[in-house]
Each structure stands twice: as C-alpha cells, then as structure tokens.
Amino acid sequence: MKVSVQREDFDISLETSLFYKDKSVGAVASFVGAVREVPMTLEHYPGMTEKALGKITREAMSRWQVIDCTVIHRIGALKVGDPIVLVAVASSHRGDAFAACEFIMDYLKTRAPFWKKEAAGWVEARATDDAAAARWKKTARSARGHRRRAARRSTARST
Amino acid sequence: MKVKVLFFASLREQLGKSMEEVDVPKNVATVAALRDHLRSRGAVYQKIFSGKNLVRAAVNQEMVQAGATIKAGDEVAFFPPVTGG
C-alpha cells in the first residue's frame, strides 16, 4: 500500500507495474483525475491528509479482496491537463478492483482535506460528491450490489 | 486551557493567518463551544463562522462533528468542505 501527497507528477505505468510482482494479481483498476478547463492550486492539511488517505485505503482493503493499492494526490499549482490524483487497485479479479477504486475516490472527495482554488475563487464542494460517498454506507446488501455493479462496469467515471 | 487552532483555505485567507494558540476558558469543552468563543473575538470570526458558511472541523487530525470534545493541547482545525480529487 502506498499513499503519497506530492507536488511532482506521477507515472501511472510505473506505479501499476509494481503490482504485477505479486503472482496473484490478475486485475488492476486505476483512476486518474485531471485539471480541466482552468488552472488551479491545491491546498491541503499536512499530516491529516496522509492519515485520512491511509484510513480510506485501509478501509477499502478490508471491504474488498485487494492485494495492493496506491493513492497519489498532488498539491500546489497545476495547469489544465495536469493529473491531480491517481488511485490504482490490484486484485485477483476485476469486481473487487473496480469497486475498491471507486470507493477510494468517492471517500477521498469527501473526507481527505484538500481544497482547490481557481482564479475565480475557492471551488465549492458539491452535494453530488456527498451522495456518491453515501452510497457506500456499510450494509451487507449494498456492498454486494456495488460489487455486482462494479463488475459490470468497464470503465471508471471521470470527475 | 490552551489549544492550537488551524484554519485552511478560504478561512485562512479571510483571517489572514493559518494558526493561533488560543487560551480558552474551562467551560469551552467542545468544538461548537470553541467556535462560539472565537466568534466573540471579532467581526472576521463572526463572518467565517456565520450560518451562511459551511465549516467543517477536525480534532487532532480526525474529522469530527461540532459536539466533539476538546482538551488542553489539542489541535483543532476549521475548514470549508473539502474539494480534492
């Protein structure tokens, strides 16, 4: 498991290539969020950010059959087209990889202390992000449902 | 008792500072009480903690609700709803 908050860019193929050293890995799902339309600056809460990302990642690993995962989130000034966040999950099968990857992103968006600022001002939080995170509230039925839906999904949503 | 109070994003900008040590009376025992105590210190605090602004809080780097208790030496942070990802 790797969690990193950094200014530097990341290399998705390098990050995910590390997963395949484990012979039981048969599925890798990854999500990249990128800056669109206008440049932005990302502020965070040093210390809490790493803790929150670690907690979210560990929860994903306890809910699904996850072999390894990597979460990288950038901070500082970013321009249009720059990658902001990488969530990559390795599992034996795609259902768990997709579900865990989406779960981590949904929780990250509502629980990890990052704030985006554009030239026009601070970006406001969206209710749709709260709703997305609320879908994962723990009940045995909903967890199974998410896993089934995730298995049917072939591509990750973009932010 | 003394607590360390941190402010982030729009709150930090409006206050013009990211951190301060606050000596609070003993009866200030929750995040909500600390918020009210800060509000009594001036117009800028009243503005950032006005009903119009959604303000989230963390105690010792864990996100909490307003009713969470605080004690001497705690690190309490106030910030707008998060917008990462």
# chains A, B, ... in the order shown; residues from 1 in each chain; ligands from 1

call {"tool": "residues_around", "arguments": {"residues": "B:Ala29", "least_positions_apart": "4", "cutoff": "7 Å", "atoms": "only C-alpha atoms", "output": "list in words"}}
result
Ala33, Thr69, Ile70 and Lys71 of chain B

call {"tool": "write_last_selection", "arguments": {"atoms": "N, CA and C atoms", "output": "compact mmCIF listing (two decimals), in the first residue's frame"}}
result
# COMPACT_ATOMS: atom_id res chain seq x y z
N ALA B 33 -18.44 24.91 21.13
CA ALA B 33 -18.17 25.95 22.13
C ALA B 33 -16.95 26.78 21.74
N THR B 69 -15.61 16.64 21.84
CA THR B 69 -14.97 17.32 22.98
C THR B 69 -13.53 17.71 22.63
N ILE B 70 -13.07 18.76 23.30
CA ILE B 70 -11.68 19.19 23.14
C ILE B 70 -11.04 19.32 24.52
N LYS B 71 -9.72 19.11 24.55
CA LYS B 71 -8.99 19.24 25.81
C LYS B 71 -7.69 20.00 25.58

call {"tool": "select_by_dssp", "arguments": {"residues": "stretch 2-153 of chain A", "states": "helix (DSSP H, G or I)", "output": "PyMOL selection string"}}
result
chain A and resi 12-21+48-63+94-111+127-134+140-152

call {"tool": "closest_atom_pairs", "arguments": {"of": "chain B", "to": "chain A", "cutoff": "7 Å", "atoms": "only C-alpha atoms", "output": "tab-separated table"}}
result
residue	atom	partner	partner_atom	distance
B:Ala9	CA	A:Trp115	CA	6.4
B:Ser10	CA	A:Trp122	CA	6.8
B:Gln61	CA	A:Met48	CA	4.7
B:Pro81	CA	A:Ala125	CA	5.8
B:Val82	CA	A:Pro113	CA	5.5
B:Thr83	CA	A:Trp115	CA	4.9
B:Gly84	CA	A:Phe114	CA	4.6
B:Gly85	CA	A:Lys109	CA	5.5

call {"tool": "residues_around", "arguments": {"residues": "B:Lys47", "least_positions_apart": "3", "cutoff": "12 Å", "atoms": "only C-alpha atoms", "output": "compact mmCIF listing (two decimals) with N, CA and C atoms, in the first residue's frame"}}
result
# COMPACT_ATOMS: atom_id res chain seq x y z
N SER B 10 -10.37 29.12 2.42
CA SER B 10 -10.99 30.45 2.49
C SER B 10 -10.98 31.01 3.91
N LEU B 11 -11.02 30.15 4.91
CA LEU B 11 -10.99 30.63 6.30
C LEU B 11 -9.63 31.25 6.62
N GLN B 14 -9.39 34.66 4.87
CA GLN B 14 -10.19 35.72 5.48
C GLN B 14 -9.59 36.19 6.79
N LEU B 15 -9.02 35.27 7.56
CA LEU B 15 -8.42 35.63 8.85
C LEU B 15 -7.02 36.21 8.70
N ARG B 35 -15.96 27.30 18.69
CA ARG B 35 -16.42 28.12 17.57
C ARG B 35 -17.14 29.38 18.11
N ASP B 36 -18.00 29.20 19.11
CA ASP B 36 -18.71 30.34 19.70
C ASP B 36 -17.74 31.28 20.40
N LEU B 38 -14.58 31.77 19.66
CA LEU B 38 -13.85 32.51 18.63
C LEU B 38 -14.72 33.62 18.03
N ARG B 39 -16.00 33.30 17.86
CA ARG B 39 -16.95 34.26 17.29
C ARG B 39 -17.01 35.53 18.13
N SER B 40 -16.81 35.38 19.43
CA SER B 40 -16.89 36.54 20.33
C SER B 40 -15.65 37.44 20.22
N ARG B 41 -14.67 36.99 19.42
CA ARG B 41 -13.41 37.75 19.35
C ARG B 41 -13.36 38.81 18.26
N GLY B 42 -14.39 38.85 17.43
CA GLY B 42 -14.35 39.92 16.42
C GLY B 42 -15.13 39.61 15.16
N ALA B 43 -15.22 40.65 14.33
CA ALA B 43 -16.06 40.59 13.13
C ALA B 43 -15.63 39.52 12.14
N VAL B 44 -14.30 39.36 11.98
CA VAL B 44 -13.85 38.38 10.99
C VAL B 44 -14.26 36.97 11.41
N SER B 50 -20.32 32.44 10.38
CA SER B 50 -21.73 32.80 10.25
C SER B 50 -22.48 31.61 9.67
N GLY B 51 -23.77 31.60 9.87
CA GLY B 51 -24.58 30.48 9.42
C GLY B 51 -24.46 30.20 7.93
N LYS B 52 -24.09 31.23 7.16
CA LYS B 52 -24.03 31.08 5.71
C LYS B 52 -22.90 30.15 5.26
N ASN B 53 -21.82 30.13 6.06
CA ASN B 53 -20.67 29.32 5.68
C ASN B 53 -20.73 27.92 6.28
N LEU B 54 -20.52 26.93 5.44
CA LEU B 54 -20.37 25.57 5.95
C LEU B 54 -18.94 25.44 6.43
N VAL B 55 -18.77 25.16 7.71
CA VAL B 55 -17.41 24.98 8.24
C VAL B 55 -17.30 23.59 8.87

call {"tool": "residues_around", "arguments": {"residues": "stretch 5-7 of chain B", "least_positions_apart": "2", "cutoff": "8 Å", "atoms": "only C-alpha atoms", "output": "list in words"}}
result
Val3, Ala9, Leu11, Arg12, Lys17, Ser18, Met19, Glu20, Glu21, Val22, Glu75, Val76, Ala77, Phe78 and Phe79 of chain B

call {"tool": "atom_distance", "arguments": {"atom1": "atom CA of A:Asp68", "atom2": "atom CA of A:Ser91"}}
result
7.1 Å

call {"tool": "decode", "arguments": {"residues": "stretch 26-70 of chain B", "atoms": "N, CA and C atoms", "output": "PDB file, in the first residue's frame"}}
result
ATOM      1  N   LYS B  26     -12.318  27.276  30.804  1.00  0.00           N
ATOM      2  CA  LYS B  26     -12.538  25.845  31.055  1.00  0.00           C
ATOM      3  C   LYS B  26     -13.867  25.314  30.543  1.00  0.00           C
ATOM      4  N   ASN B  27     -14.880  26.221  30.532  1.00  0.00           N
ATOM      5  CA  ASN B  27     -16.200  25.734  30.100  1.00  0.00           C
ATOM      6  C   ASN B  27     -16.301  25.519  28.593  1.00  0.00           C
ATOM      7  N   VAL B  28     -15.248  25.890  27.866  1.00  0.00           N
ATOM      8  CA  VAL B  28     -15.242  25.632  26.420  1.00  0.00           C
ATOM      9  C   VAL B  28     -14.708  24.221  26.197  1.00  0.00           C
ATOM     10  N   ALA B  29     -15.622  23.278  26.095  1.00  0.00           N
ATOM     11  CA  ALA B  29     -15.209  21.875  26.103  1.00  0.00           C
ATOM     12  C   ALA B  29     -15.525  21.123  24.814  1.00  0.00           C
ATOM     13  N   THR B  30     -16.171  21.808  23.867  1.00  0.00           N
ATOM     14  CA  THR B  30     -16.495  21.148  22.597  1.00  0.00           C
ATOM     15  C   THR B  30     -16.079  22.038  21.419  1.00  0.00           C
ATOM     16  N   VAL B  31     -16.078  21.444  20.248  1.00  0.00           N
ATOM     17  CA  VAL B  31     -15.753  22.187  19.028  1.00  0.00           C
ATOM     18  C   VAL B  31     -16.757  23.324  18.826  1.00  0.00           C
ATOM     19  N   ALA B  32     -18.036  23.039  19.087  1.00  0.00           N
ATOM     20  CA  ALA B  32     -19.076  24.067  18.927  1.00  0.00           C
ATOM     21  C   ALA B  32     -18.833  25.226  19.891  1.00  0.00           C
ATOM     22  N   ALA B  33     -18.436  24.910  21.135  1.00  0.00           N
ATOM     23  CA  ALA B  33     -18.174  25.953  22.130  1.00  0.00           C
ATOM     24  C   ALA B  33     -16.946  26.780  21.745  1.00  0.00           C
ATOM     25  N   LEU B  34     -15.947  26.111  21.180  1.00  0.00           N
ATOM     26  CA  LEU B  34     -14.747  26.821  20.726  1.00  0.00           C
ATOM     27  C   LEU B  34     -15.102  27.786  19.586  1.00  0.00           C
ATOM     28  N   ARG B  35     -15.959  27.305  18.692  1.00  0.00           N
ATOM     29  CA  ARG B  35     -16.415  28.125  17.572  1.00  0.00           C
ATOM     30  C   ARG B  35     -17.135  29.384  18.107  1.00  0.00           C
ATOM     31  N   ASP B  36     -18.000  29.202  19.105  1.00  0.00           N
ATOM     32  CA  ASP B  36     -18.713  30.338  19.703  1.00  0.00           C
ATOM     33  C   ASP B  36     -17.741  31.284  20.401  1.00  0.00           C
ATOM     34  N   HIS B  37     -16.763  30.698  21.081  1.00  0.00           N
ATOM     35  CA  HIS B  37     -15.755  31.501  21.774  1.00  0.00           C
ATOM     36  C   HIS B  37     -14.979  32.366  20.763  1.00  0.00           C
ATOM     37  N   LEU B  38     -14.584  31.771  19.657  1.00  0.00           N
ATOM     38  CA  LEU B  38     -13.848  32.511  18.626  1.00  0.00           C
ATOM     39  C   LEU B  38     -14.724  33.618  18.034  1.00  0.00           C
ATOM     40  N   ARG B  39     -15.999  33.301  17.861  1.00  0.00           N
ATOM     41  CA  ARG B  39     -16.945  34.257  17.288  1.00  0.00           C
ATOM     42  C   ARG B  39     -17.013  35.534  18.135  1.00  0.00           C
ATOM     43  N   SER B  40     -16.815  35.379  19.428  1.00  0.00           N
ATOM     44  CA  SER B  40     -16.887  36.543  20.327  1.00  0.00           C
ATOM     45  C   SER B  40     -15.654  37.443  20.215  1.00  0.00           C
ATOM     46  N   ARG B  41     -14.666  36.986  19.421  1.00  0.00           N
ATOM     47  CA  ARG B  41     -13.412  37.748  19.355  1.00  0.00           C
ATOM     48  C   ARG B  41     -13.364  38.809  18.262  1.00  0.00           C
ATOM     49  N   GLY B  42     -14.388  38.850  17.426  1.00  0.00           N
ATOM     50  CA  GLY B  42     -14.350  39.919  16.425  1.00  0.00           C
ATOM     51  C   GLY B  42     -15.127  39.610  15.162  1.00  0.00           C
ATOM     52  N   ALA B  43     -15.219  40.647  14.331  1.00  0.00           N
ATOM     53  CA  ALA B  43     -16.061  40.593  13.132  1.00  0.00           C
ATOM     54  C   ALA B  43     -15.627  39.518  12.138  1.00  0.00           C
ATOM     55  N   VAL B  44     -14.305  39.358  11.980  1.00  0.00           N
ATOM     56  CA  VAL B  44     -13.847  38.381  10.986  1.00  0.00           C
ATOM     57  C   VAL B  44     -14.258  36.966  11.407  1.00  0.00           C
ATOM     58  N   TYR B  45     -14.108  36.673  12.698  1.00  0.00           N
ATOM     59  CA  TYR B  45     -14.511  35.347  13.187  1.00  0.00           C
ATOM     60  C   TYR B  45     -16.021  35.167  13.034  1.00  0.00           C
ATOM     61  N   GLN B  46     -16.760  36.251  13.312  1.00  0.00           N
ATOM     62  CA  GLN B  46     -18.214  36.162  13.154  1.00  0.00           C
ATOM     63  C   GLN B  46     -18.569  35.856  11.712  1.00  0.00           C
ATOM     64  N   LYS B  47     -17.802  36.450  10.806  1.00  0.00           N
ATOM     65  CA  LYS B  47     -18.079  36.247   9.388  1.00  0.00           C
ATOM     66  C   LYS B  47     -17.788  34.800   8.965  1.00  0.00           C
ATOM     67  N   ILE B  48     -16.624  34.295   9.351  1.00  0.00           N
ATOM     68  CA  ILE B  48     -16.294  32.935   8.881  1.00  0.00           C
ATOM     69  C   ILE B  48     -17.170  31.877   9.553  1.00  0.00           C
ATOM     70  N   PHE B  49     -17.633  32.159  10.751  1.00  0.00           N
ATOM     71  CA  PHE B  49     -18.500  31.188  11.433  1.00  0.00           C
ATOM     72  C   PHE B  49     -19.967  31.589  11.367  1.00  0.00           C
ATOM     73  N   SER B  50     -20.320  32.439  10.382  1.00  0.00           N
ATOM     74  CA  SER B  50     -21.731  32.802  10.252  1.00  0.00           C
ATOM     75  C   SER B  50     -22.480  31.611   9.671  1.00  0.00           C
ATOM     76  N   GLY B  51     -23.765  31.605   9.873  1.00  0.00           N
ATOM     77  CA  GLY B  51     -24.579  30.478   9.416  1.00  0.00           C
ATOM     78  C   GLY B  51     -24.459  30.201   7.929  1.00  0.00           C
ATOM     79  N   LYS B  52     -24.086  31.228   7.161  1.00  0.00           N
ATOM     80  CA  LYS B  52     -24.029  31.079   5.708  1.00  0.00           C
ATOM     81  C   LYS B  52     -22.899  30.148   5.260  1.00  0.00           C
ATOM     82  N   ASN B  53     -21.819  30.131   6.061  1.00  0.00           N
ATOM     83  CA  ASN B  53     -20.667  29.317   5.677  1.00  0.00           C
ATOM     84  C   ASN B  53     -20.734  27.922   6.278  1.00  0.00           C
ATOM     85  N   LEU B  54     -20.516  26.931   5.438  1.00  0.00           N
ATOM     86  CA  LEU B  54     -20.374  25.575   5.948  1.00  0.00           C
ATOM     87  C   LEU B  54     -18.936  25.437   6.428  1.00  0.00           C
ATOM     88  N   VAL B  55     -18.766  25.158   7.710  1.00  0.00           N
ATOM     89  CA  VAL B  55     -17.415  24.977   8.240  1.00  0.00           C
ATOM     90  C   VAL B  55     -17.299  23.592   8.866  1.00  0.00           C
ATOM     91  N   ARG B  56     -16.276  22.870   8.408  1.00  0.00           N
ATOM     92  CA  ARG B  56     -16.010  21.541   8.962  1.00  0.00           C
ATOM     93  C   ARG B  56     -14.907  21.662  10.000  1.00  0.00           C
ATOM     94  N   ALA B  57     -14.787  20.635  10.850  1.00  0.00           N
ATOM     95  CA  ALA B  57     -13.764  20.684  11.888  1.00  0.00           C
ATOM     96  C   ALA B  57     -13.064  19.350  12.038  1.00  0.00           C
ATOM     97  N   ALA B  58     -11.822  19.421  12.517  1.00  0.00           N
ATOM     98  CA  ALA B  58     -11.070  18.213  12.845  1.00  0.00           C
ATOM     99  C   ALA B  58     -10.400  18.439  14.199  1.00  0.00           C
ATOM    100  N   VAL B  59     -10.348  17.388  15.009  1.00  0.00           N
ATOM    101  CA  VAL B  59      -9.611  17.454  16.272  1.00  0.00           C
ATOM    102  C   VAL B  59      -8.486  16.435  16.186  1.00  0.00           C
ATOM    103  N   ASN B  60      -7.283  16.903  16.409  1.00  0.00           N
ATOM    104  CA  ASN B  60      -6.095  16.052  16.295  1.00  0.00           C
ATOM    105  C   ASN B  60      -6.093  15.270  14.980  1.00  0.00           C
ATOM    106  N   GLN B  61      -6.449  15.993  13.912  1.00  0.00           N
ATOM    107  CA  GLN B  61      -6.377  15.483  12.541  1.00  0.00           C
ATOM    108  C   GLN B  61      -7.390  14.399  12.209  1.00  0.00           C
ATOM    109  N   GLU B  62      -8.484  14.345  12.989  1.00  0.00           N
ATOM    110  CA  GLU B  62      -9.601  13.447  12.672  1.00  0.00           C
ATOM    111  C   GLU B  62     -10.836  14.314  12.477  1.00  0.00           C
ATOM    112  N   MET B  63     -11.535  14.108  11.359  1.00  0.00           N
ATOM    113  CA  MET B  63     -12.751  14.873  11.092  1.00  0.00           C
ATOM    114  C   MET B  63     -13.778  14.584  12.194  1.00  0.00           C
ATOM    115  N   VAL B  64     -14.401  15.642  12.732  1.00  0.00           N
ATOM    116  CA  VAL B  64     -15.375  15.446  13.820  1.00  0.00           C
ATOM    117  C   VAL B  64     -16.630  16.283  13.594  1.00  0.00           C
ATOM    118  N   GLN B  65     -17.669  15.980  14.383  1.00  0.00           N
ATOM    119  CA  GLN B  65     -18.885  16.790  14.410  1.00  0.00           C
ATOM    120  C   GLN B  65     -18.698  17.895  15.447  1.00  0.00           C
ATOM    121  N   ALA B  66     -19.593  18.877  15.424  1.00  0.00           N
ATOM    122  CA  ALA B  66     -19.462  20.040  16.312  1.00  0.00           C
ATOM    123  C   ALA B  66     -19.515  19.678  17.799  1.00  0.00           C
ATOM    124  N   GLY B  67     -20.153  18.573  18.113  1.00  0.00           N
ATOM    125  CA  GLY B  67     -20.277  18.177  19.522  1.00  0.00           C
ATOM    126  C   GLY B  67     -19.047  17.499  20.097  1.00  0.00           C
ATOM    127  N   ALA B  68     -18.040  17.272  19.284  1.00  0.00           N
ATOM    128  CA  ALA B  68     -16.831  16.570  19.753  1.00  0.00           C
ATOM    129  C   ALA B  68     -16.143  17.358  20.871  1.00  0.00           C
ATOM    130  N   THR B  69     -15.605  16.641  21.845  1.00  0.00           N
ATOM    131  CA  THR B  69     -14.969  17.317  22.981  1.00  0.00           C
ATOM    132  C   THR B  69     -13.530  17.711  22.634  1.00  0.00           C
ATOM    133  N   ILE B  70     -13.071  18.758  23.298  1.00  0.00           N
ATOM    134  CA  ILE B  70     -11.676  19.187  23.141  1.00  0.00           C
ATOM    135  C   ILE B  70     -11.037  19.317  24.522  1.00  0.00           C
TER     136      ILE B  70
END
